[in-house]
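Coordinates as given in entry.txt (compact mmCIF, C-alpha atoms):
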```txt
# COMPACT_ATOMS: atom_id res chain seq x y z
CA MET A 18 124.26 81.92 106.14
CA SER A 19 127.01 82.03 103.57
CA ASN A 20 127.48 84.79 101.04
CA TRP A 21 124.44 84.32 98.81
CA LEU A 22 123.76 87.86 97.54
CA LYS A 23 126.66 89.54 95.84
CA SER A 24 124.91 92.02 93.61
CA LEU A 25 121.50 93.21 92.46
CA GLN A 26 122.78 93.71 88.91
CA THR A 27 121.82 91.12 86.33
CA ASP A 28 122.40 90.87 82.61
CA THR A 29 118.78 90.41 81.58
CA PRO A 30 115.29 91.15 82.96
CA GLN A 31 114.63 87.44 83.24
CA GLU A 32 117.70 86.89 85.41
CA GLY A 33 116.45 89.84 87.44
CA TYR A 34 113.11 88.14 87.85
CA GLU A 35 114.81 84.95 88.97
CA LEU A 36 116.87 86.93 91.47
CA ALA A 37 113.60 88.35 92.81
CA ILE A 38 112.39 84.79 93.33
CA SER A 39 115.56 83.97 95.28
CA LEU A 40 115.12 87.06 97.42
CA ALA A 41 111.54 86.07 98.20
CA ARG A 42 112.58 82.54 99.16
CA LYS A 43 115.42 83.76 101.35
CA GLY A 44 112.91 85.73 103.40
CA VAL A 45 111.19 82.46 104.18
CA ALA A 46 114.47 80.64 104.84
CA TYR A 47 115.68 83.25 107.33
CA THR A 48 112.38 82.99 109.20
CA GLN A 49 112.21 79.19 109.10
CA PRO A 50 115.85 78.04 108.83
CA ASN A 51 114.97 74.34 108.93
CA ALA A 52 114.96 73.19 105.30
CA GLU A 53 113.14 70.00 106.19
CA VAL A 54 110.24 71.91 107.71
CA ARG A 55 110.07 74.19 104.66
CA GLU A 56 109.99 71.15 102.38
CA LYS A 57 107.19 69.63 104.44
CA LEU A 58 105.11 72.82 104.03
CA ARG A 59 105.50 72.95 100.26
CA PRO A 60 102.44 70.84 99.27
CA GLU A 61 100.31 72.94 101.62
CA TYR A 62 100.88 76.19 99.74
CA ALA A 63 101.74 74.86 96.28
CA GLU A 64 98.17 73.67 95.82
CA ASN A 65 96.49 76.64 97.44
CA PRO A 66 95.68 79.39 94.93
CA ASP A 67 95.88 82.27 97.41
CA SER A 68 99.19 81.02 98.77
CA LEU A 69 100.53 80.96 95.22
CA THR A 70 99.30 84.47 94.56
CA PHE A 71 100.90 85.54 97.83
CA ALA A 72 104.24 84.03 96.77
CA SER A 73 103.89 85.82 93.45
CA GLN A 74 103.23 89.08 95.27
CA VAL A 75 106.47 88.92 97.25
CA ILE A 76 108.35 88.21 94.02
CA ALA A 77 106.66 91.27 92.50
CA ILE A 78 107.86 93.48 95.35
CA HIS A 79 111.43 92.25 95.02
CA PHE A 80 111.27 92.57 91.24
CA GLN A 81 110.54 96.27 91.71
CA THR A 82 113.78 96.58 93.63
CA VAL A 83 115.86 94.53 91.22
CA ALA A 84 114.43 96.28 88.15
CA GLN A 85 115.21 99.68 89.66
CA ALA A 86 118.74 98.50 90.52
CA ASN A 87 119.24 97.70 86.86
CA ASP A 88 117.64 100.86 85.54
CA TYR A 89 115.02 98.57 84.01
CA TRP A 90 117.61 97.08 81.63
CA LYS A 91 116.91 100.03 79.32
CA LYS A 92 120.30 100.13 77.71
CA MET B 15 112.26 77.85 81.84
CA SER B 16 112.95 79.21 78.39
CA ASN B 17 113.62 82.84 77.62
CA TRP B 18 110.24 84.40 78.34
CA LEU B 19 111.16 87.96 79.41
CA LYS B 20 113.27 89.89 76.96
CA SER B 21 112.42 93.44 77.86
CA LEU B 22 110.23 95.59 80.07
CA GLN B 23 109.70 98.10 77.26
CA THR B 24 106.36 98.05 75.49
CA ASP B 25 104.86 100.22 72.78
CA THR B 26 101.66 101.11 74.61
CA PRO B 27 100.37 101.27 78.20
CA GLN B 28 97.96 98.45 77.46
CA GLU B 29 100.77 96.15 76.31
CA GLY B 30 102.54 97.18 79.51
CA TYR B 31 99.51 96.15 81.51
CA GLU B 32 99.41 92.82 79.73
CA LEU B 33 103.10 92.32 80.45
CA ALA B 34 102.31 92.97 84.13
CA ILE B 35 99.73 90.19 83.95
CA SER B 36 102.35 87.81 82.51
CA LEU B 37 104.80 88.75 85.24
CA ALA B 38 102.18 88.04 87.90
CA ARG B 39 101.36 84.66 86.39
CA LYS B 40 105.01 83.68 86.07
CA GLY B 41 105.39 84.16 89.82
CA VAL B 42 102.75 81.49 90.28
CA ALA B 43 104.26 79.23 87.62
CA TYR B 44 107.73 79.32 89.19
CA THR B 45 106.23 78.40 92.56
CA GLN B 46 103.92 75.70 91.20
CA PRO B 47 105.62 74.48 87.98
CA ASN B 48 102.98 71.82 87.29
CA ALA B 49 100.61 73.37 84.73
CA GLU B 50 98.00 70.71 85.36
CA VAL B 51 97.84 71.55 89.05
CA ARG B 52 97.56 75.25 88.25
CA GLU B 53 94.72 74.55 85.84
CA LYS B 54 92.93 72.49 88.48
CA LEU B 55 93.13 75.40 90.94
CA ARG B 56 91.67 77.93 88.52
CA PRO B 57 87.94 77.48 89.34
CA GLU B 58 88.80 77.80 93.03
CA TYR B 59 90.13 81.35 92.73
CA ALA B 60 88.31 82.53 89.60
CA GLU B 61 85.01 82.48 91.45
CA ASN B 62 86.31 83.86 94.73
CA PRO B 63 86.12 87.65 94.88
CA ASP B 64 89.05 88.12 97.28
CA SER B 65 91.23 85.81 95.21
CA LEU B 66 90.42 87.89 92.15
CA THR B 67 91.25 91.10 93.97
CA PHE B 68 94.48 89.49 95.12
CA ALA B 69 95.40 88.58 91.53
CA SER B 70 94.59 92.14 90.53
CA GLN B 71 96.85 93.45 93.29
CA VAL B 72 99.89 91.54 92.07
CA ILE B 73 99.23 92.86 88.57
CA ALA B 74 99.10 96.37 90.03
CA ILE B 75 102.50 95.94 91.67
CA HIS B 76 104.08 94.73 88.44
CA PHE B 77 102.35 97.46 86.47
CA GLN B 78 104.16 100.00 88.67
CA THR B 79 107.44 98.47 87.57
CA VAL B 80 106.56 98.24 83.89
CA ALA B 81 105.12 101.77 83.79
CA GLN B 82 108.27 103.15 85.39
CA ALA B 83 110.42 101.18 82.92
CA ASN B 84 108.56 102.94 80.10
CA ASP B 85 108.63 106.37 81.69
CA TYR B 86 104.85 106.09 81.82
CA TRP B 87 104.63 106.17 78.00
CA LYS B 88 104.73 109.95 78.26
CA LYS B 89 106.35 110.60 74.92
CA MET C 10 90.32 92.68 74.74
CA SER C 11 89.92 95.84 72.73
CA ASN C 12 92.02 98.93 73.17
CA TRP C 13 90.96 100.11 76.61
CA LEU C 14 94.08 101.88 77.90
CA LYS C 15 95.42 104.59 75.67
CA SER C 16 97.28 106.75 78.16
CA LEU C 17 98.05 107.20 81.83
CA GLN C 18 97.78 110.98 81.51
CA THR C 19 94.64 112.61 82.84
CA ASP C 20 93.56 116.22 83.17
CA THR C 21 92.78 116.15 86.87
CA PRO C 22 93.68 114.09 89.97
CA GLN C 23 90.11 112.87 90.19
CA GLU C 24 90.18 111.51 86.65
CA GLY C 25 93.46 109.91 87.63
CA TYR C 26 91.78 108.28 90.59
CA GLU C 27 89.01 107.00 88.38
CA LEU C 28 91.56 105.61 85.94
CA ALA C 29 93.14 103.78 88.91
CA ILE C 30 89.73 102.23 89.61
CA SER C 31 89.50 101.04 86.00
CA LEU C 32 92.98 99.57 86.18
CA ALA C 33 92.07 97.68 89.35
CA ARG C 34 88.88 96.31 87.79
CA LYS C 35 90.67 95.26 84.61
CA GLY C 36 92.96 93.07 86.71
CA VAL C 37 89.89 91.21 87.88
CA ALA C 38 88.39 91.07 84.38
CA TYR C 39 91.54 89.59 82.83
CA THR C 40 91.59 86.92 85.54
CA GLN C 41 87.86 86.17 85.38
CA PRO C 42 86.80 87.14 81.84
CA ASN C 43 83.20 86.03 82.32
CA ALA C 44 81.24 89.21 83.12
CA GLU C 45 78.27 87.23 84.36
CA VAL C 46 80.38 85.43 86.95
CA ARG C 47 81.90 88.73 88.07
CA GLU C 48 78.42 90.22 88.44
CA LYS C 49 77.32 87.24 90.49
CA LEU C 50 80.25 87.74 92.88
CA ARG C 51 79.53 91.41 93.47
CA PRO C 52 77.16 91.10 96.47
CA GLU C 53 79.67 88.77 98.13
CA TYR C 54 82.41 91.40 98.35
CA ALA C 55 80.36 94.58 98.24
CA GLU C 56 78.97 93.83 101.67
CA ASN C 57 82.18 92.50 103.19
CA PRO C 58 84.26 95.22 104.84
CA ASP C 59 87.64 93.54 104.30
CA SER C 60 86.84 92.87 100.65
CA LEU C 61 86.01 96.55 100.24
CA THR C 62 89.25 97.58 101.92
CA PHE C 63 91.08 95.16 99.65
CA ALA C 64 89.48 96.71 96.56
CA SER C 65 90.47 100.13 97.89
CA GLN C 66 94.05 98.92 98.37
CA VAL C 67 94.45 97.86 94.75
CA ILE C 68 93.08 101.24 93.67
CA ALA C 69 95.67 102.88 95.95
CA ILE C 70 98.51 100.97 94.29
CA HIS C 71 97.36 101.97 90.82
CA PHE C 72 96.79 105.55 91.94
CA GLN C 73 100.48 105.70 92.88
CA THR C 74 101.34 104.79 89.30
CA VAL C 75 98.87 107.18 87.70
CA ALA C 76 99.83 110.07 89.98
CA GLN C 77 103.50 109.56 89.17
CA ALA C 78 102.67 109.42 85.47
CA ASN C 79 101.07 112.83 85.81
CA ASP C 80 103.80 114.32 87.97
CA TYR C 81 101.14 114.60 90.66
CA TRP C 82 99.24 117.19 88.61
CA LYS C 83 101.55 119.80 90.11
CA LYS C 84 101.44 122.18 87.21
CA MET D 20 80.39 111.57 91.98
CA SER D 21 80.95 115.27 92.25
CA ASN D 22 84.32 116.96 92.14
CA TRP D 23 85.90 115.74 95.38
CA LEU D 24 89.61 115.71 94.54
CA LYS D 25 90.99 118.96 93.28
CA SER D 26 94.64 118.64 94.21
CA LEU D 27 97.16 116.43 95.98
CA GLN D 28 98.94 119.47 97.40
CA THR D 29 98.37 120.27 101.06
CA ASP D 30 99.82 122.86 103.38
CA THR D 31 100.99 120.49 106.09
CA PRO D 32 101.91 116.81 106.48
CA GLN D 33 98.91 116.29 108.72
CA GLU D 34 96.52 117.61 106.08
CA GLY D 35 98.31 115.28 103.68
CA TYR D 36 97.66 112.39 106.02
CA GLU D 37 94.01 113.32 106.24
CA LEU D 38 93.81 113.51 102.45
CA ALA D 39 95.26 109.97 102.36
CA ILE D 40 92.41 108.88 104.64
CA SER D 41 89.87 110.43 102.25
CA LEU D 42 91.49 108.69 99.29
CA ALA D 43 91.32 105.35 101.10
CA ARG D 44 87.65 105.86 101.96
CA LYS D 45 86.76 106.90 98.42
CA GLY D 46 88.08 103.56 97.19
CA VAL D 47 85.49 101.88 99.36
CA ALA D 48 82.75 104.31 98.35
CA TYR D 49 83.32 103.76 94.63
CA THR D 50 83.13 99.99 95.16
CA GLN D 51 80.12 100.12 97.46
CA PRO D 52 78.27 103.32 96.52
CA ASN D 53 75.41 102.73 98.97
CA ALA D 54 76.26 104.85 102.03
CA GLU D 55 73.71 103.03 104.13
CA VAL D 56 75.34 99.67 103.46
CA ARG D 57 78.77 101.13 104.28
CA GLU D 58 77.42 102.51 107.55
CA LYS D 59 75.96 99.13 108.42
CA LEU D 60 79.36 97.49 107.91
CA ARG D 61 81.22 99.91 110.15
CA PRO D 62 80.84 98.05 113.49
CA GLU D 63 82.04 94.87 111.78
CA TYR D 64 85.48 96.26 110.93
CA ALA D 65 85.82 98.98 113.53
CA GLU D 66 86.09 96.37 116.26
CA ASN D 67 88.23 93.91 114.34
CA PRO D 68 91.95 94.52 114.84
CA ASP D 69 93.05 93.13 111.47
CA SER D 70 90.40 95.14 109.65
CA LEU D 71 91.71 98.26 111.38
CA THR D 72 95.29 97.42 110.43
CA PHE D 73 94.09 96.86 106.88
CA ALA D 74 92.42 100.27 106.80
CA SER D 75 95.64 101.76 108.15
CA GLN D 76 97.62 100.02 105.42
CA VAL D 77 95.58 101.57 102.61
CA ILE D 78 96.04 104.97 104.24
CA ALA D 79 99.80 104.28 104.32
CA ILE D 80 99.87 103.56 100.59
CA HIS D 81 98.00 106.74 99.76
CA PHE D 82 100.15 108.74 102.17
CA GLN D 83 103.19 107.68 100.12
CA THR D 84 101.56 109.24 97.08
CA VAL D 85 100.48 112.42 98.82
CA ALA D 86 103.83 112.88 100.56
CA GLN D 87 105.65 112.50 97.25
CA ALA D 88 103.26 114.96 95.61
CA ASN D 89 104.25 117.50 98.25
CA ASP D 90 107.96 116.75 98.11
CA TYR D 91 107.58 115.59 101.72
CA TRP D 92 106.79 119.14 102.84
CA LYS D 93 110.53 119.72 103.07
CA LYS D 94 110.39 123.41 102.35
CA MET E 22 92.43 115.61 116.24
CA SER E 23 95.02 118.09 117.40
CA ASN E 24 98.20 118.89 115.55
CA TRP E 25 100.12 115.61 115.84
CA LEU E 26 102.22 115.59 112.67
CA LYS E 27 104.40 118.60 112.17
CA SER E 28 107.13 117.21 109.97
CA LEU E 29 108.43 114.03 108.36
CA GLN E 30 112.02 115.06 109.05
CA THR E 31 113.80 113.33 111.90
CA ASP E 32 117.36 113.50 113.20
CA THR E 33 118.10 109.79 113.04
CA PRO E 34 116.84 106.69 111.23
CA GLN E 35 115.57 105.28 114.51
CA GLU E 36 113.44 108.35 115.17
CA GLY E 37 112.21 107.94 111.61
CA TYR E 38 111.25 104.37 112.36
CA GLU E 39 109.40 105.47 115.46
CA LEU E 40 107.58 108.12 113.46
CA ALA E 41 106.54 105.35 111.04
CA ILE E 42 105.07 103.48 114.00
CA SER E 43 103.08 106.57 115.01
CA LEU E 44 101.81 107.00 111.47
CA ALA E 45 100.66 103.38 111.39
CA ARG E 46 98.87 103.73 114.73
CA LYS E 47 97.18 106.96 113.69
CA GLY E 48 95.61 105.12 110.75
CA VAL E 49 93.95 102.83 113.25
CA ALA E 50 92.97 105.70 115.53
CA TYR E 51 91.29 107.67 112.75
CA THR E 52 89.30 104.57 111.78
CA GLN E 53 88.41 103.61 115.36
CA PRO E 54 88.49 106.87 117.33
CA ASN E 55 87.39 105.26 120.59
CA ALA E 56 90.60 104.66 122.56
CA GLU E 57 88.84 102.32 124.95
CA VAL E 58 87.75 100.03 122.11
CA ARG E 59 91.28 100.07 120.68
CA GLU E 60 92.69 99.14 124.08
CA LYS E 61 90.21 96.28 124.37
CA LEU E 62 91.35 94.91 121.00
CA ARG E 63 95.05 94.94 121.88
CA PRO E 64 95.33 91.43 123.42
CA GLU E 65 93.54 90.02 120.38
CA TYR E 66 96.24 91.09 117.90
CA ALA E 67 99.25 91.32 120.19
CA GLU E 68 99.25 87.56 120.63
CA ASN E 69 98.40 86.69 117.04
CA PRO E 70 101.51 86.25 114.88
CA ASP E 71 99.88 87.28 111.61
CA SER E 72 98.36 90.36 113.20
CA LEU E 73 101.82 91.32 114.45
CA THR E 74 103.33 90.80 111.01
CA PHE E 75 100.52 92.89 109.58
CA ALA E 76 101.26 95.72 112.01
CA SER E 77 104.92 95.44 111.06
CA GLN E 78 103.99 95.66 107.38
CA VAL E 79 102.15 98.96 107.79
CA ILE E 80 105.15 100.32 109.69
CA ALA E 81 107.35 99.20 106.78
CA ILE E 82 105.23 101.10 104.27
CA HIS E 83 105.35 104.28 106.33
CA PHE E 84 109.07 103.84 106.94
CA GLN E 85 109.57 103.95 103.16
CA THR E 86 107.90 107.35 103.13
CA VAL E 87 109.77 108.71 106.13
CA ALA E 88 113.14 107.41 104.91
CA GLN E 89 112.59 109.02 101.53
CA ALA E 90 111.57 112.29 103.21
CA ASN E 91 114.92 112.27 104.99
CA ASP E 92 116.95 111.25 101.96
CA TYR E 93 117.75 108.08 103.91
CA TRP E 94 119.73 110.07 106.49
CA LYS E 95 122.70 109.81 104.13
CA LYS E 96 124.32 113.01 105.17
CA MET F 14 114.33 100.84 123.32
CA SER F 15 118.03 101.49 123.06
CA ASN F 16 119.75 102.83 119.98
CA TRP F 17 119.37 99.93 117.55
CA LEU F 18 119.28 101.67 114.17
CA LYS F 19 122.22 103.90 113.45
CA SER F 20 122.26 103.90 109.67
CA LEU F 21 120.59 102.42 106.60
CA GLN F 22 123.94 102.19 104.81
CA THR F 23 125.52 98.77 104.55
CA ASP F 24 128.64 97.50 102.82
CA THR F 25 126.98 94.75 100.80
CA PRO F 26 123.52 93.86 99.46
CA GLN F 27 123.43 90.85 101.76
CA GLU F 28 124.03 92.99 104.85
CA GLY F 29 121.27 95.22 103.49
CA TYR F 30 118.97 92.25 103.28
CA GLU F 31 119.80 91.28 106.83
CA LEU F 32 119.11 94.83 107.98
CA ALA F 33 115.71 94.54 106.27
CA ILE F 34 115.05 91.44 108.34
CA SER F 35 115.92 93.34 111.52
CA LEU F 36 113.63 96.18 110.53
CA ALA F 37 110.77 93.73 109.95
CA ARG F 38 111.32 92.08 113.32
CA LYS F 39 111.50 95.39 115.14
CA GLY F 40 108.03 96.21 113.85
CA VAL F 41 106.79 93.12 115.65
CA ALA F 42 108.82 93.87 118.77
CA TYR F 43 107.46 97.42 119.09
CA THR F 44 103.91 96.08 118.79
CA GLN F 45 104.45 93.14 121.16
CA PRO F 46 107.29 94.23 123.48
CA ASN F 47 107.16 91.06 125.57
CA ALA F 48 109.95 88.83 124.20
CA GLU F 49 108.55 85.81 125.97
CA VAL F 50 105.19 86.16 124.23
CA ARG F 51 106.93 86.60 120.86
CA GLU F 52 108.98 83.45 121.49
CA LYS F 53 105.83 81.55 122.37
CA LEU F 54 104.23 82.57 119.07
CA ARG F 55 107.17 81.47 116.94
CA PRO F 56 106.13 77.83 116.32
CA GLU F 57 102.68 79.06 115.29
CA TYR F 58 103.94 81.06 112.31
CA ALA F 59 107.20 79.27 111.58
CA GLU F 60 105.28 76.22 110.43
CA ASN F 61 102.53 78.06 108.59
CA PRO F 62 103.37 78.70 104.94
CA ASP F 63 101.30 81.85 104.58
CA SER F 64 102.75 83.30 107.77
CA LEU F 65 106.22 82.67 106.37
CA THR F 66 105.33 84.32 103.08
CA PHE F 67 103.92 87.24 105.05
CA ALA F 68 107.17 87.59 107.01
CA SER F 69 109.05 87.47 103.71
CA GLN F 70 106.80 90.20 102.31
CA VAL F 71 107.59 92.64 105.11
CA ILE F 72 111.30 91.94 104.58
CA ALA F 73 110.79 92.69 100.88
CA ILE F 74 109.22 96.06 101.65
CA HIS F 75 112.07 97.04 103.96
CA PHE F 76 114.62 95.75 101.48
CA GLN F 77 113.24 98.24 98.95
CA THR F 78 114.00 101.02 101.41
CA VAL F 79 117.46 99.77 102.34
CA ALA F 80 118.44 99.11 98.71
CA GLN F 81 117.37 102.61 97.73
CA ALA F 82 119.32 104.06 100.67
CA ASN F 83 122.42 102.37 99.31
CA ASP F 84 121.80 103.31 95.69
CA TYR F 85 121.46 99.57 95.07
CA TRP F 86 125.15 99.02 95.89
CA LYS F 87 125.89 99.95 92.27
CA LYS F 88 129.32 101.34 92.89
```
Any chance you could put this one into structure tokens?
Amino acid sequence: MSNWLKSLQTDTPQEGYELAISLARKGVAYTQPNAEVREKLRPEYAENPDSLTFASQVIAIHFQTVAQANDYWKK
Amino acid sequence: MSNWLKSLQTDTPQEGYELAISLARKGVAYTQPNAEVREKLRPEYAENPDSLTFASQVIAIHFQTVAQANDYWKK
Amino acid sequence: MSNWLKSLQTDTPQEGYELAISLARKGVAYTQPNAEVREKLRPEYAENPDSLTFASQVIAIHFQTVAQANDYWKK
Amino acid sequence: MSNWLKSLQTDTPQEGYELAISLARKGVAYTQPNAEVREKLRPEYAENPDSLTFASQVIAIHFQTVAQANDYWKK
Amino acid sequence: MSNWLKSLQTDTPQEGYELAISLARKGVAYTQPNAEVREKLRPEYAENPDSLTFASQVIAIHFQTVAQANDYWKK
Amino acid sequence: MSNWLKSLQTDTPQEGYELAISLARKGVAYTQPNAEVREKLRPEYAENPDSLTFASQVIAIHFQTVAQANDYWKK
């Protein structure tokens, strides 16, 4: 894969949250590199409440990392 | 999405907990952006005990982040 | 909801553990605000070993937060 | 419940691990206070590999807390 | 059980990883102390992808603890 | 196994992320050492959305560790 992650620093908490989403999706993309297959699976989880919660959970774990990397945007 | 997350700082632990709930829900909303679909799924998880525990778990993960960002509201 | 979370500080580790239980339950209550429905679901998870482990897991995550907030009651 | 958790400090890492096990079990006991019911459920999870991994996971989360509380028994 | 955990300090990150594996397995062994039963369950999870991911997850949680205990083997 | 983990330090966040992927996969490989069996299981999880999210979750947990080990590549 090309250079997709240059820094964990973001200007705002919301950009940090969106970075966490990217990090979560990359974990899926590295495991299933075929974008067509991933696209095909989307309806299966996007309408399943537990799958959505699970996606949200992985984002939450990455958001911990990104928030810490930015000292919680305190300053 | 519009600017929905301006800061992780809150005045009280309870507001911090409620922010954690918002963060958990946003993870679902980014994955399933169709609000109508999300609404349709609600009864499915809101009456399933494990789904409720799962929702509570994601809140717990975000609450760790928010609590840390606020130095646990110690002062 | 009324003011239910005033502080993460507790006098003893056990009170901290019990606060973690409250935090875990609140995550369920915010997601399913109908107390009657929650009561109805109780037998379903209270006799299911994995559901019980899951409940215990969410408590464990919150206990990490509460313990940190209290500097592990070291002093 | 009586006073069952007086401190997170232990003399050795192994005692810390065993405290983590107690903390994980207490989470179950608070959720299902009937010891007879818990006993009845034991064969169901004790012979299910994923249930055992799940139990081990909750122990792992608590062990993080206990290890931190003891500064990893470095000294 | 005998004295199986004397320290969280290891010489190398790889030994730390292997200690994390031991910690994860001990969580199973404390919950199902019968080694014969555990052996019988092995084929059931060792050929199930989600069970393997689950085992890997518990290792990951313990590796966080062990890595922290060793200050990430920075020096 | 041979010496596969020499350091948690990486030059860039992306290399750190890729190390997290390796760490997640090693957890599977230690539990199921037969590479042929692992290969056989691949299609089963690589086309299952929840299995992919699960794989992504374990990566997320390891990425927390690796990011911390590198002080979030701040400098």
Need the shell around Lys20 (chain B): protein/DNA/RNA residues with any atom at most 8 Å away, counting all atoms listed in the file. Skip same-chain ones fewer than 6 positions apart. Format as a PDB file with C-alpha atoms, keeping the file's coordinate frame?
```
ATOM      1  CA  THR A  29     118.780  90.410  81.580  1.00  0.00           C
ATOM      2  CA  PRO A  30     115.290  91.150  82.960  1.00  0.00           C
ATOM      3  CA  GLN A  31     114.630  87.440  83.240  1.00  0.00           C
TER       4      GLN A  31
END
```
With all Cα atoms paired residue by residue, do a least-squares superposition of chain C on chain B and hand back the transformed coordinates as a short mmCIF file (atom, residue, chain, number, x, y, z; two decimals) with C-alpha atoms, keeping the file's coordinate frame.
```cif
data_model
loop_
_atom_site.label_atom_id
_atom_site.label_comp_id
_atom_site.auth_asym_id
_atom_site.auth_seq_id
_atom_site.Cartn_x
_atom_site.Cartn_y
_atom_site.Cartn_z
CA MET C 10 112.27 77.88 81.84
CA SER C 11 112.97 79.23 78.40
CA ASN C 12 113.61 82.85 77.61
CA TRP C 13 110.24 84.42 78.34
CA LEU C 14 111.16 87.96 79.40
CA LYS C 15 113.26 89.87 76.95
CA SER C 16 112.41 93.45 77.86
CA LEU C 17 110.22 95.59 80.07
CA GLN C 18 109.70 98.10 77.26
CA THR C 19 106.37 98.04 75.48
CA ASP C 20 104.85 100.21 72.78
CA THR C 21 101.67 101.11 74.62
CA PRO C 22 100.36 101.27 78.21
CA GLN C 23 97.97 98.44 77.46
CA GLU C 24 100.77 96.15 76.32
CA GLY C 25 102.53 97.18 79.50
CA TYR C 26 99.50 96.15 81.51
CA GLU C 27 99.41 92.82 79.75
CA LEU C 28 103.10 92.31 80.45
CA ALA C 29 102.31 92.97 84.14
CA ILE C 30 99.73 90.17 83.95
CA SER C 31 102.35 87.81 82.52
CA LEU C 32 104.80 88.75 85.24
CA ALA C 33 102.19 88.04 87.91
CA ARG C 34 101.35 84.65 86.39
CA LYS C 35 105.01 83.69 86.07
CA GLY C 36 105.39 84.15 89.83
CA VAL C 37 102.74 81.50 90.28
CA ALA C 38 104.26 79.23 87.62
CA TYR C 39 107.74 79.33 89.18
CA THR C 40 106.22 78.41 92.55
CA GLN C 41 103.92 75.70 91.19
CA PRO C 42 105.61 74.49 87.98
CA ASN C 43 102.99 71.83 87.29
CA ALA C 44 100.60 73.37 84.73
CA GLU C 45 98.00 70.71 85.35
CA VAL C 46 97.83 71.54 89.05
CA ARG C 47 97.56 75.25 88.25
CA GLU C 48 94.71 74.53 85.84
CA LYS C 49 92.94 72.48 88.48
CA LEU C 50 93.13 75.40 90.93
CA ARG C 51 91.67 77.92 88.51
CA PRO C 52 87.95 77.48 89.35
CA GLU C 53 88.81 77.80 93.04
CA TYR C 54 90.11 81.36 92.73
CA ALA C 55 88.32 82.51 89.60
CA GLU C 56 85.02 82.47 91.44
CA ASN C 57 86.31 83.86 94.73
CA PRO C 58 86.12 87.66 94.88
CA ASP C 59 89.05 88.12 97.27
CA SER C 60 91.24 85.80 95.21
CA LEU C 61 90.42 87.89 92.15
CA THR C 62 91.25 91.10 93.98
CA PHE C 63 94.49 89.50 95.12
CA ALA C 64 95.39 88.58 91.53
CA SER C 65 94.59 92.15 90.52
CA GLN C 66 96.86 93.46 93.30
CA VAL C 67 99.89 91.54 92.07
CA ILE C 68 99.23 92.85 88.56
CA ALA C 69 99.10 96.37 90.04
CA ILE C 70 102.51 95.94 91.67
CA HIS C 71 104.07 94.73 88.44
CA PHE C 72 102.34 97.46 86.47
CA GLN C 73 104.14 100.00 88.66
CA THR C 74 107.44 98.47 87.58
CA VAL C 75 106.56 98.24 83.90
CA ALA C 76 105.13 101.77 83.78
CA GLN C 77 108.28 103.15 85.38
CA ALA C 78 110.40 101.19 82.92
CA ASN C 79 108.56 102.93 80.11
CA ASP C 80 108.63 106.37 81.68
CA TYR C 81 104.85 106.10 81.81
CA TRP C 82 104.65 106.16 78.01
CA LYS C 83 104.74 109.95 78.25
CA LYS C 84 106.39 110.55 74.94
#
```
Note to self: Could you work out which residues of chain E fall inside 10 Å of chain D? Count all atoms listed in the file, and format the result as JSON, numbers by chain.
What the structure shows: {"E": [22, 23, 24, 25, 26, 27, 28, 29, 30, 41, 44, 45, 46, 47, 48, 49, 50, 51, 52, 53, 54, 55, 58, 59, 61, 62, 63, 64, 65, 66, 67, 71, 72, 73, 75, 76, 77, 78, 79, 80, 81, 82, 83, 84, 85, 86, 87, 89, 90, 91]}
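Between CA of Lys89 (chain B) and CA of Ser31 (chain C) the interatomic distance comes to 22.3 Å.
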Check: Could you state the separation of CA of Leu38 (chain D) and CA of Asp20 (chain C) in Å, given to one decimal place?
Finding: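 So the answer is 19.5 Å.
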